[in-house]
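Enquirer: After the structure tokens below, expect a handful of questions from me.
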Amino acid sequence: MNTNRTEKGLAIVTGASSGIGCELAKCAASEGYDLVIAADEPEIHQAAAMLRDIGVSVEAVEADLATVEGVERLVDRVQAANRPIDLLMANAGRGLGEGFLDQDFAEARRVVDTNITGTIYLAQRIGNLMRSQGYGRILFTGSIAGFMPGTYQAVYNATKAFINSFSFALREELQGSGVSVSCLMPGATETRFFERARLMDTAIGQAKKDDAADVAKIGYDAMMDGEGDVVSGWKNKLQAAVANITPASILAEKHRKMAEPGSAAD
């Protein structure tokens with residue numbers, strides 16, 4: 001990492017219209033980073049107005065990051081700014097509850113395209129720009145869900161297992177490049193995720209959740225410290241540790257009790 005620079009470059013945050021992504025953007029703005037934020041909904045412009053009140057420049061990009069075209073639109077806006085890129089926080093994600101065979105496949109595919117395809121394409125485009133300039137920090141939002149088979153969230157948990165793994169591999173590939181890679185692995189967090197994923201009638205949908213601002217700060221600090229990964233919250237750390245030594249069949253059964261439709265009434 002180049003430590004001789006005095007002027008901050010851009011911070012890019014995806015999925016920044018609300019939740020963890022918006023809180024990550026606040027963390028960067030509070031440290032004086034100008035922002036390029038993106039989401040696939042018009043609320044991204046409201047988030048931008050709020051972030052400008054902190055005193056930084058914010059450009060909002062409304063784009064579908066599940067598509068190559070949407071990622072290209074974001075990258076084009078970043079390159080048009082003609083500024084160094086210090087931070088990429090790849091947080092955009094999508095969930096989907098219910099049994100896999102009962103899901104609309106277009107919705108299931110959109111989870112994969114958002115959480116995996118769009119995320120790694122953006123990481124490749126921005127990562128190459130960072131490697132060329134010789135510095136940068138990348139933070140992926142993974143999940144402790146990636147440590148267990150996601151009964152009634154099968155596609156979502158599998159995508160997070162991919163991101164958790166991918167981040168470690170990319171981190172190793174970029175050793176010595178000046179670009180660091182970190183992965184934030186939160187547990188259930190108080191965001192719009194569960195409502196959007198149709199999980200509000202489940203035990204996990206109704207359970208007490210972590211605060212999005214606290215989770216984001218933990219991830220942001222880990223990225224800035226160059227840590228490879230961080231699980232937010234001691235309960236989540238314990239759950240992740242237990243998952244590493246528990247047979248997958250038992251984890252799948254446990255997840256069923258949390259995510260099965262109607263389980264909130266149990």
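Convention: chains lettered A, B, ... in structure tokens order; per-chain residue numbering from 1; ligands numbered from 1 as shown.
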Excluding stretch 124-136 of chain A and its own-chain neighbours fewer than 5 positions away, which residues fall within 9 Å of it when counting only C-alpha atoms? Please give them as a list in words.
Expert: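 Counting only C-alpha atoms, the residues come to Met1, Asn2, Val71, Glu72, Val75, Pro84, Ile85, Asp86, Leu87, Leu88, Thr119, Leu174, Ser177, Gly178, Val179, Ser180 and Val181 of chain A.
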Enquirer: Leaving out A:Gly97 and any residue of its chain fewer than 3 positions from it, which residues lie within 12 Å of it when counting only C-alpha atoms, given as a ChimeraX atom specification?
Expert: /A:94,100-104,107-108,111,150-157,193-202,204-205,255-256,258-262
Enquirer: Tell me which protein, DNA and RNA residues are within 9 Å of stretch 28-42 of chain A, counting only C-alpha atoms, leaving out same-chain ones fewer than 4 positions away, and put them as JSON, numbers by chain.
Expert: {"A": [8, 9, 10, 11, 12, 13, 14, 15, 16, 17, 21, 22, 23, 24, 46, 47, 48, 51, 52, 54, 55, 56, 57, 58, 59, 60, 61, 62, 63, 64, 65, 66, 70, 74, 77, 78, 86, 87, 92, 220]}
Enquirer: Using the chain letters and numbers from this document, which residues of stretch 183-264 of chain A does DSSP assign to strand (DSSP E), as a PyMOL selection string?
Expert: chain A and resi 183-185+229-231
Enquirer: Output C-alpha atoms for every residue in the selection just made, as a PDB file, in the first residue's frame.
Expert:
ATOM      1  CA  CYS A 183     -14.420 -10.421   3.824  1.00  0.00           C
ATOM      2  CA  LEU A 184     -17.100  -9.331   6.280  1.00  0.00           C
ATOM      3  CA  MET A 185     -19.123 -12.301   7.495  1.00  0.00           C
ATOM      4  CA  ASP A 229     -11.888 -11.796   7.310  1.00  0.00           C
ATOM      5  CA  VAL A 230     -14.036 -10.807  10.237  1.00  0.00           C
ATOM      6  CA  VAL A 231     -17.161 -12.368  11.727  1.00  0.00           C
TER       7      VAL A 231
END
